[in-house]
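Structure file upload-v2.cif; described as mmCIF, C-alpha atoms.
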```
data_final
#
loop_
_atom_site.label_atom_id
_atom_site.label_comp_id
_atom_site.auth_asym_id
_atom_site.auth_seq_id
_atom_site.Cartn_x
_atom_site.Cartn_y
_atom_site.Cartn_z
CA MET A 1 95.25 176.94 312.42
CA LYS A 2 93.69 173.86 310.89
CA LEU A 3 90.09 172.92 311.51
CA ASP A 4 88.57 169.45 311.18
CA VAL A 5 84.97 168.54 311.89
CA VAL A 6 83.69 164.96 311.89
CA THR A 7 80.11 163.84 312.38
CA GLN A 8 78.70 160.36 312.26
CA GLU A 9 77.86 161.04 308.64
CA GLY A 10 81.49 161.64 307.76
CA ALA A 11 83.99 164.49 307.73
CA ARG A 12 82.23 167.83 307.32
CA VAL A 13 85.29 170.06 307.32
CA LYS A 14 88.73 168.80 306.45
CA GLY A 15 91.90 170.74 307.23
CA MET A 16 90.38 174.17 306.66
CA ASP A 17 92.77 177.08 307.26
CA VAL A 18 91.23 179.28 309.87
CA SER A 19 92.31 182.32 311.84
CA GLU A 20 89.60 182.21 314.48
CA VAL A 21 86.90 179.80 315.58
CA ILE A 22 84.08 180.51 318.00
CA LEU A 23 82.55 177.37 319.47
CA PRO A 24 79.40 176.70 321.50
CA GLY A 25 80.89 175.20 324.66
CA ILE A 26 78.71 173.66 327.34
CA VAL A 27 79.68 176.46 329.70
CA GLY A 28 79.43 179.21 327.09
CA GLU A 29 80.88 180.41 323.84
CA MET A 30 84.61 180.17 323.48
CA GLY A 31 86.80 181.76 320.85
CA ILE A 32 89.97 180.04 319.77
CA LEU A 33 92.88 181.95 318.31
CA PRO A 34 96.27 180.68 317.15
CA GLY A 35 98.52 179.57 319.99
CA HIS A 36 95.66 178.37 322.19
CA LYS A 37 96.71 175.95 324.90
CA ALA A 38 95.84 172.25 324.68
CA MET A 39 92.24 171.80 325.64
CA ILE A 40 89.32 169.41 325.49
CA MET A 41 85.94 171.07 325.74
CA GLY A 42 82.43 169.65 325.74
CA LEU A 43 80.14 171.24 323.18
CA GLY A 44 76.52 172.17 323.48
CA VAL A 45 74.00 173.03 320.81
CA GLY A 46 74.80 176.28 319.05
CA PRO A 47 76.51 178.05 316.19
CA MET A 48 80.16 177.66 315.26
CA ILE A 49 81.57 180.75 313.61
CA VAL A 50 84.73 180.31 311.60
CA GLN A 51 87.04 182.89 310.04
CA GLY A 52 88.22 180.90 307.06
CA PRO A 53 90.02 181.56 303.79
CA SER A 54 86.82 182.80 302.16
CA GLY A 55 85.65 184.98 305.03
CA GLU A 56 83.25 184.14 307.80
CA GLU A 57 81.38 180.85 307.72
CA ARG A 58 78.69 179.66 310.07
CA PHE A 59 77.72 176.12 311.05
CA ALA A 60 75.09 174.68 313.35
CA LEU A 61 76.62 172.18 315.79
CA SER A 62 74.95 169.93 318.27
CA GLY A 63 76.81 168.25 321.06
CA GLY A 64 80.15 166.50 320.99
CA PHE A 65 83.50 167.91 321.96
CA VAL A 66 86.48 169.75 320.59
CA GLU A 67 90.15 169.03 321.04
CA VAL A 68 92.64 171.83 320.55
CA LEU A 69 96.26 170.79 320.21
CA ASP A 70 99.17 172.53 318.50
CA ASP A 71 96.96 174.89 316.50
CA HIS A 72 94.91 171.99 315.29
CA ILE A 73 91.22 172.17 316.19
CA SER A 74 89.33 168.96 315.81
CA VAL A 75 85.63 168.97 316.45
CA LEU A 76 83.45 165.92 316.89
CA SER A 77 79.78 166.69 316.84
CA GLU A 78 76.51 164.85 316.38
CA THR A 79 75.59 167.13 313.54
CA CYS A 80 77.31 169.95 311.70
CA GLU A 81 75.36 171.85 309.09
CA ARG A 82 76.76 174.58 306.92
CA ALA A 83 74.52 177.67 306.85
CA ALA A 84 73.87 177.25 303.12
CA ASP A 85 72.73 173.63 303.56
CA ILE A 86 70.05 174.36 306.12
CA ASP A 87 66.48 173.92 304.99
CA ILE A 88 64.84 176.93 306.62
CA GLU A 89 61.28 175.77 306.07
CA ARG A 90 62.00 172.41 307.64
CA ALA A 91 63.74 174.01 310.60
CA ARG A 92 60.77 176.33 311.11
CA ARG A 93 58.33 173.43 311.06
CA LYS A 94 60.51 171.45 313.43
CA LEU A 95 60.70 174.39 315.81
CA GLU A 96 56.94 174.82 315.85
CA GLU A 97 56.38 171.12 316.48
CA ALA A 98 58.97 170.95 319.22
CA THR A 99 57.76 174.14 320.88
CA ALA A 100 54.20 172.85 320.94
CA ALA A 101 55.27 169.49 322.32
CA LEU A 102 57.40 171.19 324.95
CA ALA A 103 54.54 173.38 326.04
CA ALA A 104 52.36 170.30 326.48
CA SER A 105 54.83 168.41 328.67
CA ASN A 106 56.15 169.27 332.09
CA PRO A 107 59.70 169.45 333.44
CA GLY A 108 58.95 166.61 335.86
CA GLU A 109 59.17 164.15 333.00
CA GLY A 110 62.94 164.33 333.15
CA GLU A 111 64.60 162.84 330.11
CA ALA A 112 61.67 163.31 327.73
CA TYR A 113 61.47 166.96 328.64
CA ASN A 114 65.17 167.45 328.11
CA VAL A 115 64.99 165.83 324.68
CA LEU A 116 62.22 168.22 323.64
CA ALA A 117 64.06 171.21 325.05
CA ALA A 118 67.12 170.13 323.08
CA SER A 119 65.20 169.88 319.83
CA VAL A 120 63.79 173.38 320.33
CA LEU A 121 67.32 174.60 320.87
CA LYS A 122 68.60 172.75 317.80
CA ALA A 123 65.92 174.19 315.55
CA THR A 124 66.49 177.70 316.90
CA THR A 125 70.23 177.35 316.30
CA ARG A 126 69.72 176.19 312.75
CA LEU A 127 67.47 179.13 311.99
CA ALA A 128 69.91 181.54 313.57
CA VAL A 129 72.84 180.09 311.64
CA ALA A 130 70.90 180.21 308.39
CA GLY A 131 70.17 183.87 309.09
CA ALA A 132 66.42 183.42 309.28
CA THR A 133 64.23 184.87 311.99
CA PRO A 134 62.49 182.39 314.24
CA PRO A 135 58.68 182.40 314.01
CA THR A 136 56.87 184.66 316.43
CA THR A 137 55.41 181.76 318.40
CA HIS A 138 58.73 181.34 320.11
CA MET B 1 62.87 109.22 281.32
CA PRO B 2 60.95 112.52 281.24
CA THR B 3 59.49 113.54 277.95
CA LEU B 4 60.99 116.18 275.73
CA LYS B 5 58.35 118.67 276.67
CA GLN B 6 58.85 118.17 280.41
CA VAL B 7 62.58 118.68 280.14
CA ARG B 8 62.11 121.79 278.04
CA ARG B 9 59.71 123.28 280.55
CA ARG B 10 62.06 122.58 283.43
CA LEU B 11 64.97 124.07 281.50
CA THR B 12 63.11 127.32 280.86
CA SER B 13 62.14 127.60 284.49
CA VAL B 14 65.71 127.07 285.73
CA LYS B 15 66.99 129.62 283.22
CA ASN B 16 64.51 132.16 284.51
CA THR B 17 65.50 131.46 288.08
CA GLN B 18 69.11 131.97 287.14
CA LYS B 19 68.27 135.35 285.66
CA ILE B 20 66.65 136.35 288.93
CA THR B 21 69.49 135.15 291.14
CA ARG B 22 72.02 136.88 288.90
CA ALA B 23 70.10 140.14 289.10
CA MET B 24 69.81 139.81 292.88
CA LYS B 25 73.53 139.24 293.11
CA LEU B 26 74.24 142.43 291.18
CA VAL B 27 71.82 144.41 293.32
CA ALA B 28 73.40 143.03 296.50
CA ALA B 29 76.85 143.94 295.20
CA ALA B 30 75.77 147.52 294.56
CA LYS B 31 74.11 147.78 297.96
CA LEU B 32 77.16 146.27 299.59
CA ARG B 33 79.28 149.07 298.20
CA ARG B 34 76.91 151.65 299.57
CA ALA B 35 76.82 149.95 302.96
CA GLN B 36 80.60 149.83 303.04
CA ASP B 37 80.77 153.52 302.16
CA ASN B 38 78.45 154.25 305.07
CA MET B 39 80.69 152.30 307.38
CA LEU B 40 83.79 154.08 306.16
CA ARG B 41 82.16 157.46 306.58
CA THR B 42 81.21 156.75 310.18
CA GLN B 43 84.46 155.06 311.12
CA PRO B 44 86.54 158.19 311.91
CA TYR B 45 83.78 159.43 314.17
CA ALA B 46 83.44 156.12 315.98
CA THR B 47 87.20 155.78 316.40
CA ARG B 48 87.56 159.33 317.64
CA ILE B 49 84.84 159.06 320.24
CA ARG B 50 86.14 155.72 321.47
CA GLN B 51 89.61 157.18 321.80
CA VAL B 52 88.41 160.09 323.86
CA ILE B 53 86.22 157.91 326.08
CA TRP B 54 89.19 155.73 326.82
CA ASP B 55 91.53 158.61 327.44
CA LEU B 56 89.07 160.32 329.73
CA SER B 57 87.87 157.29 331.64
CA GLU B 58 91.25 155.82 332.40
CA HIS B 59 91.68 157.47 335.76
CA THR B 60 88.07 158.13 336.45
CA ASN B 61 86.04 156.79 339.31
CA ARG B 62 83.29 154.51 337.97
CA ASP B 63 80.71 156.24 340.15
CA VAL B 64 80.90 159.33 337.98
CA HIS B 65 78.22 158.15 335.62
CA PRO B 66 75.48 155.49 335.83
CA LEU B 67 76.47 154.03 332.45
CA LEU B 68 79.84 153.04 333.88
CA GLN B 69 78.44 151.17 336.86
CA VAL B 70 78.90 147.45 336.84
CA ARG B 71 76.10 145.71 338.70
CA GLU B 72 75.42 142.10 339.37
CA GLU B 73 73.80 140.81 336.19
CA LYS B 74 70.42 139.54 337.23
CA LYS B 75 68.37 140.63 334.30
CA ALA B 76 70.02 141.38 331.02
CA LEU B 77 68.85 142.54 327.62
CA MET B 78 70.10 141.18 324.36
CA LEU B 79 69.56 143.15 321.19
CA VAL B 80 69.45 140.86 318.19
CA ILE B 81 70.18 142.49 314.86
CA THR B 82 68.91 140.48 311.90
CA SER B 83 67.81 141.52 308.44
CA ASP B 84 64.43 142.39 306.99
CA ARG B 85 64.78 140.17 303.95
CA GLY B 86 65.85 136.62 303.35
CA MET B 87 67.83 135.13 300.48
CA CYS B 88 71.08 135.68 302.27
CA GLY B 89 72.21 132.20 303.20
CA ALA B 90 72.69 131.39 306.85
CA PHE B 91 72.96 135.07 307.81
CA ASN B 92 69.81 135.20 309.91
CA SER B 93 69.70 131.66 311.19
CA ASN B 94 73.24 132.00 312.53
CA ILE B 95 72.24 135.05 314.52
CA ASN B 96 68.94 133.68 315.71
CA ARG B 97 70.37 130.36 316.79
CA ARG B 98 73.21 132.08 318.62
CA ALA B 99 70.78 134.31 320.50
CA GLU B 100 68.45 131.42 321.29
CA ARG B 101 71.28 129.35 322.65
CA TYR B 102 72.35 132.26 324.81
CA VAL B 103 68.85 132.71 326.18
CA HIS B 104 68.45 129.05 327.05
CA SER B 105 71.87 128.42 328.51
CA LEU B 106 72.25 131.84 330.13
CA GLU B 107 75.95 131.40 329.55
CA GLY B 108 76.66 134.91 330.79
CA GLY B 109 75.45 133.83 334.25
CA GLN B 110 72.33 135.99 334.25
CA GLU B 111 69.12 134.91 335.90
CA GLU B 112 66.95 136.27 333.18
CA LEU B 113 67.47 137.44 329.66
CA GLU B 114 65.13 139.45 327.53
CA LEU B 115 65.43 140.01 323.83
CA ALA B 116 65.05 143.13 321.78
CA LEU B 117 64.64 142.40 318.12
CA LEU B 118 65.82 144.61 315.33
CA GLY B 119 64.94 143.26 311.90
CA ARG B 120 61.96 141.33 310.62
CA LYS B 121 63.71 137.95 310.38
CA GLY B 122 64.50 137.93 314.08
CA ARG B 123 60.93 138.81 314.94
CA ASP B 124 59.57 136.01 312.75
CA TYR B 125 61.95 133.51 314.28
CA PHE B 126 61.25 134.33 317.90
CA ARG B 127 57.52 134.88 317.53
CA ARG B 128 56.83 131.17 317.89
CA ARG B 129 59.40 130.50 320.55
CA LYS B 130 59.23 130.78 324.28
CA VAL B 131 61.37 133.82 324.92
CA SER B 132 60.50 137.08 326.56
CA VAL B 133 60.74 139.92 324.11
CA PHE B 134 61.27 143.37 325.53
CA LYS B 135 60.72 145.27 322.32
CA GLU B 136 60.63 144.87 318.57
CA TYR B 137 62.18 147.53 316.41
CA MET B 138 60.91 147.26 312.86
CA GLU B 139 61.16 149.65 309.92
CA VAL B 140 64.65 150.61 310.95
CA LEU B 141 66.88 148.77 308.53
CA SER B 142 65.26 150.13 305.39
CA ASN B 143 66.36 153.61 306.41
CA PRO B 144 68.95 153.41 309.18
CA THR B 145 69.46 157.01 310.19
CA PHE B 146 71.48 157.95 313.22
CA GLU B 147 68.44 159.70 314.71
CA ARG B 148 66.37 156.54 314.63
CA ILE B 149 69.15 154.43 316.13
CA ALA B 150 69.72 157.08 318.76
CA GLU B 151 66.06 156.81 319.79
CA ILE B 152 66.50 153.09 320.30
CA GLY B 153 69.75 153.74 322.15
CA ALA B 154 68.02 156.24 324.41
CA GLU B 155 65.26 153.79 325.26
CA ILE B 156 67.69 151.00 326.07
CA THR B 157 69.91 153.33 328.05
CA ALA B 158 67.00 154.69 330.08
CA ARG B 159 65.96 151.15 330.95
CA PHE B 160 69.50 150.33 332.03
CA ILE B 161 69.73 153.41 334.23
CA ASP B 162 66.45 152.80 336.03
CA GLY B 163 67.60 149.27 336.83
CA GLY B 164 65.29 147.36 334.47
CA HIS B 165 68.30 145.68 332.93
CA ASP B 166 71.67 145.18 334.57
CA ALA B 167 73.51 144.70 331.31
CA VAL B 168 72.84 145.07 327.62
CA TYR B 169 74.36 142.93 324.90
CA VAL B 170 74.23 143.20 321.14
CA VAL B 171 74.37 140.18 318.83
CA TYR B 172 75.05 140.96 315.22
CA ASN B 173 76.94 139.84 312.15
CA GLU B 174 80.30 141.49 312.05
CA PHE B 175 81.45 142.47 308.59
CA LYS B 176 84.76 140.72 308.00
CA SER B 177 84.88 140.99 304.25
CA ALA B 178 82.46 140.86 301.35
CA ILE B 179 82.41 137.09 301.57
CA SER B 180 82.69 136.48 305.28
CA GLN B 181 80.62 137.44 308.29
CA GLN B 182 80.99 136.49 311.89
CA VAL B 183 78.42 136.43 314.63
CA VAL B 184 79.62 138.50 317.56
CA VAL B 185 78.18 139.18 320.99
CA GLU B 186 79.26 142.51 322.42
CA ARG B 187 78.47 144.18 325.68
CA LEU B 188 76.94 147.58 325.14
CA LEU B 189 76.19 148.48 328.75
CA PRO B 190 77.66 149.04 331.22
CA ILE B 191 80.51 150.68 329.39
CA VAL B 192 83.79 149.10 330.35
CA PRO B 193 86.61 150.92 328.62
CA GLU B 194 89.58 148.67 328.32
CA ARG B 195 92.94 149.45 326.87
CA ALA B 196 93.47 145.88 325.81
CA CYS B 197 90.16 145.66 324.03
CA PRO B 198 90.29 143.61 320.82
CA GLU B 199 88.57 146.43 318.94
CA ARG B 200 91.50 148.58 319.85
CA ALA B 201 94.02 146.03 318.65
CA GLU B 202 92.66 146.38 315.13
CA GLY B 203 93.43 150.05 314.91
CA ALA B 204 96.53 149.65 317.07
CA GLU B 205 98.89 151.39 314.69
CA VAL B 206 96.84 154.53 314.49
CA ASP B 207 96.10 154.57 318.19
CA GLN B 208 99.66 154.12 319.28
CA GLY B 209 100.54 157.16 317.27
CA ALA B 210 97.79 159.02 319.04
CA ASP B 211 99.05 157.89 322.45
CA ALA B 212 102.56 159.07 321.72
CA ARG B 213 101.11 162.36 320.54
CA LEU B 214 99.24 162.84 323.79
CA GLU B 215 102.19 161.86 325.97
CA GLY B 216 103.12 164.54 328.48
CA ILE B 217 100.60 167.11 327.33
CA GLU B 218 98.53 168.89 329.96
CA PHE B 219 95.04 169.37 328.66
CA ALA B 220 92.68 171.93 330.01
CA TYR B 221 89.21 170.46 330.43
CA GLU B 222 86.22 172.67 329.92
CA PRO B 223 84.05 172.41 332.06
CA SER B 224 85.75 169.37 333.68
CA ARG B 225 87.06 165.97 332.80
CA ASP B 226 84.17 164.14 334.41
CA ALA B 227 81.55 166.42 332.90
CA ILE B 228 82.88 165.86 329.39
CA LEU B 229 83.04 162.14 329.96
CA SER B 230 79.47 162.08 331.28
CA SER B 231 78.15 163.96 328.30
CA MET B 232 80.00 161.70 325.87
CA LEU B 233 78.91 158.35 327.30
CA PRO B 234 75.30 158.28 326.05
CA LEU B 235 76.57 159.37 322.65
CA TYR B 236 79.12 156.60 322.69
CA VAL B 237 76.38 154.03 323.26
CA ASN B 238 74.44 155.36 320.28
CA VAL B 239 77.49 155.43 318.07
CA ARG B 240 78.34 151.83 318.88
CA LEU B 241 74.78 150.78 318.21
CA TYR B 242 74.72 152.69 314.95
CA PHE B 243 77.97 151.16 313.86
CA ALA B 244 76.73 147.67 314.71
CA VAL B 245 73.68 148.27 312.51
CA LEU B 246 75.84 149.52 309.66
CA GLU B 247 78.12 146.51 309.97
CA SER B 248 75.19 144.16 310.03
CA LEU B 249 73.76 145.77 306.89
CA ALA B 250 77.05 145.45 305.05
CA ALA B 251 77.39 141.85 306.22
CA GLU B 252 73.84 141.13 305.06
CA MET B 253 74.58 142.41 301.57
CA GLY B 254 77.80 140.41 301.49
CA ALA B 255 75.96 137.26 302.57
CA ARG B 256 73.27 137.82 300.00
CA MET B 257 75.82 138.37 297.28
CA THR B 258 77.59 135.11 298.14
CA ALA B 259 74.33 133.19 298.41
CA MET B 260 73.10 134.49 295.07
CA GLU B 261 76.46 133.85 293.47
CA SER B 262 76.33 130.19 294.42
CA ALA B 263 72.66 129.95 293.46
CA THR B 264 73.56 131.29 290.01
CA LYS B 265 76.37 128.78 289.76
CA ASN B 266 74.14 125.91 290.80
CA ALA B 267 71.53 126.97 288.29
CA GLY B 268 74.27 126.98 285.63
CA GLU B 269 75.22 123.41 286.47
CA LEU B 270 71.60 122.34 286.44
CA ILE B 271 71.09 124.00 283.07
CA GLY B 272 74.08 122.07 281.72
CA ARG B 273 72.66 118.78 282.96
CA LEU B 274 69.17 119.51 281.69
CA THR B 275 70.47 120.61 278.29
CA LEU B 276 72.32 117.32 278.00
CA GLN B 277 69.21 115.43 279.02
CA TYR B 278 67.15 117.45 276.57
CA ASN B 279 69.54 116.77 273.69
CA LYS B 280 69.64 113.07 274.53
CA ALA B 281 65.87 112.87 274.61
CA ARG B 282 65.66 114.80 271.35
CA GLN B 283 68.26 112.57 269.75
CA SER B 284 66.51 109.38 270.79
CA ALA B 285 63.17 110.76 269.56
CA ILE B 286 64.73 111.43 266.16
CA THR B 287 66.31 107.99 266.09
CA THR B 288 63.00 106.36 266.95
CA GLU B 289 61.23 108.36 264.29
CA MET B 290 63.82 107.42 261.63
CA LEU B 291 63.61 103.78 262.58
CA GLU B 292 59.88 103.97 262.20
CA ILE B 293 60.17 105.51 258.73
CA VAL B 294 62.77 102.99 257.67
CA GLY B 295 60.67 100.18 259.13
CA GLY B 296 57.61 101.51 257.28
CA ALA B 297 59.52 101.73 253.98
CA GLU B 298 60.86 98.18 254.44
CA ALA B 299 57.34 96.88 255.02
CA LEU B 300 56.07 98.45 251.78
CA ARG B 301 58.62 96.63 249.65
#
```

Could you spell out this file's structure in structure tokens?
Amino acid sequence: MKLDVVTQEGARVKGMDVSEVILPGIVGEMGILPGHKAMIMGLGVGPMIVQGPSGEERFALSGGFVEVLDDHISVLSETCERAADIDIERARRKLEEATAALAASNPGEGEAYNVLAASVLKATTRLAVAGATPPTTH
Amino acid sequence: MPTLKQVRRRLTSVKNTQKITRAMKLVAAAKLRRAQDNMLRTQPYATRIRQVIWDLSEHTNRDVHPLLQVREEKKALMLVITSDRGMCGAFNSNINRRAERYVHSLEGGQEELELALLGRKGRDYFRRRKVSVFKEYMEVLSNPTFERIAEIGAEITARFIDGGHDAVYVVYNEFKSAISQQVVVERLLPIVPERACPERAEGAEVDQGADARLEGIEFAYEPSRDAILSSMLPLYVNVRLYFAVLESLAAEMGARMTAMESATKNAGELIGRLTLQYNKARQSAITTEMLEIVGGAEALR
């Protein structure tokens, strides 16, 4: 199968040969193997795990969707960070900030609350993808 | 006739100005390339998301999502994208005048129109004019990240959803080529996906291929068609906004490059004229001096 990932900052993955991709769907994780039927799936925030030519690779995705058609997987996401490119310190800081802000707000605030919850989730995902443990405050 | 010294001083000053305009032209050219690269990088993403929105929304009820709902346009918002710096010809005044005309004539048939200003030049222009300004977004253009634009998008979208504005327009300079920009007014909200949209016509070749590719294929939607559409719509707004900012930045650099190019050329012409004037003045000074010497020598005889 071929895998493409585009973000608003350009193509992140281009025509990578993959044998399996696990994606963070809105409704839950979904694995895609060769011969998968045509599908469009909304993506949430979470890790994408790819079995590529050089073994397993992990990426942090946030939002977007994936289209699977004729063994071609094309992902469009807001961000896609390769595990090696993630700045663990920055992600940790971000997580602490977001967690604190989230604790100080209440769910009644609607959109603002959701945005904060999403940034906590994003930071946690990035740490998980980078293989670092989240700080104990979480 | 100015004196030799005056002409020389003027000549030096024009030469210095020319050096500055030439340097600014080169800087603008370099920045233009970067801005164009940014646009090219984002283009596949923007095209892809637009494609999917259109495919998904074609047979969808407009009540599915608030961003699709067309209301009577009583109060609208117009986001005016200008630049932070000047020295770019009519770039900013074109935009500002277009927006001002729109506000005063209300040509879209709205009862009231508020402005949101992105870029220092727009703020400076409208500060002294009688228009209602909803919000000023400064410090964006120097570092236009998607995150920052998305914040603005979220604010505008929230205001649209709670009924504060019934429609949102964007006025910006569209990047046609390095030497030409065009002021465009686009509707950002509500989202009206149209097959026959002019934007689509541009990429028609690519898109037709995509349509043929999708012909007769049953897609599975996870979780559902409407849910995917709903989650993509706010993103689509941000992407369009982001792309408009990138286009405006590229157009700004193009305009500045052209303006500085012609300023350099004008300075060149002026230098030519002043040099001629300088040489003439010098020549006549020499002639006068010689005549004086000759006259003096004659008198001694």

- Item | Non-local contacts of B:Leu276 (12 Å; all atoms listed in the file; under 4 positions in same chain excluded) as a PyMOL selection string | chain B and resi 4+7-8+11+269-272+280-283

Since we have the selection now, will you write its residues out, keeping C-alpha atoms, as a PDB file, in the coordinates of the input?
```pdb
ATOM      1  CA  LEU B   4      60.990 116.180 275.730  1.00  0.00           C
ATOM      2  CA  VAL B   7      62.580 118.680 280.140  1.00  0.00           C
ATOM      3  CA  ARG B   8      62.110 121.790 278.040  1.00  0.00           C
ATOM      4  CA  LEU B  11      64.970 124.070 281.500  1.00  0.00           C
ATOM      5  CA  GLU B 269      75.220 123.410 286.470  1.00  0.00           C
ATOM      6  CA  LEU B 270      71.600 122.340 286.440  1.00  0.00           C
ATOM      7  CA  ILE B 271      71.090 124.000 283.070  1.00  0.00           C
ATOM      8  CA  GLY B 272      74.080 122.070 281.720  1.00  0.00           C
ATOM      9  CA  LYS B 280      69.640 113.070 274.530  1.00  0.00           C
ATOM     10  CA  ALA B 281      65.870 112.870 274.610  1.00  0.00           C
ATOM     11  CA  ARG B 282      65.660 114.800 271.350  1.00  0.00           C
ATOM     12  CA  GLN B 283      68.260 112.570 269.750  1.00  0.00           C
TER      13      GLN B 283
END
```

- Message: Between atom CA of A:Glu29 and atom CA of A:Pro47, what is the distance in Å, rounded to a tenth?
- Response: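 Taking atom CA of A:Glu29 and atom CA of A:Pro47, their separation equals 9.1 Å.
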
- Task: Give me, as an MDAnalysis selection string, the contact residues of chain B against chain A at a cut-off of 7 Å, counting all atoms listed in the file.
- Result: chainID B and resid 41:42 45 218:223 228 232

- Would you list the residues near (90.4, 168.6, 310.0) (no more than 10 Å away, in the coordinates of the file, using only C-alpha atoms) as a ChimeraX atom specification? /A:1-6,11-17,72-75

- Separation of atom CA of B:Val171 from atom CA of B:Ser231, in Å and rounded to one decimal: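 For atom CA of B:Val171 relative to atom CA of B:Ser231, the distance reads 25.9 Å.
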
Need the neighbours of (67.6, 135.2, 299.3): which residues are at most 9 Å away, counting all atoms listed in the file, as a PDB file with C-alpha atoms, in the frame of the given file?
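The resulting part24.pdb:
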```
ATOM      1  CA  THR B  21      69.490 135.150 291.140  1.00  0.00           C
ATOM      2  CA  MET B  24      69.810 139.810 292.880  1.00  0.00           C
ATOM      3  CA  ARG B  85      64.780 140.170 303.950  1.00  0.00           C
ATOM      4  CA  GLY B  86      65.850 136.620 303.350  1.00  0.00           C
ATOM      5  CA  MET B  87      67.830 135.130 300.480  1.00  0.00           C
ATOM      6  CA  CYS B  88      71.080 135.680 302.270  1.00  0.00           C
ATOM      7  CA  GLY B  89      72.210 132.200 303.200  1.00  0.00           C
ATOM      8  CA  ARG B 256      73.270 137.820 300.000  1.00  0.00           C
ATOM      9  CA  ALA B 259      74.330 133.190 298.410  1.00  0.00           C
ATOM     10  CA  MET B 260      73.100 134.490 295.070  1.00  0.00           C
TER      11      MET B 260
END
```
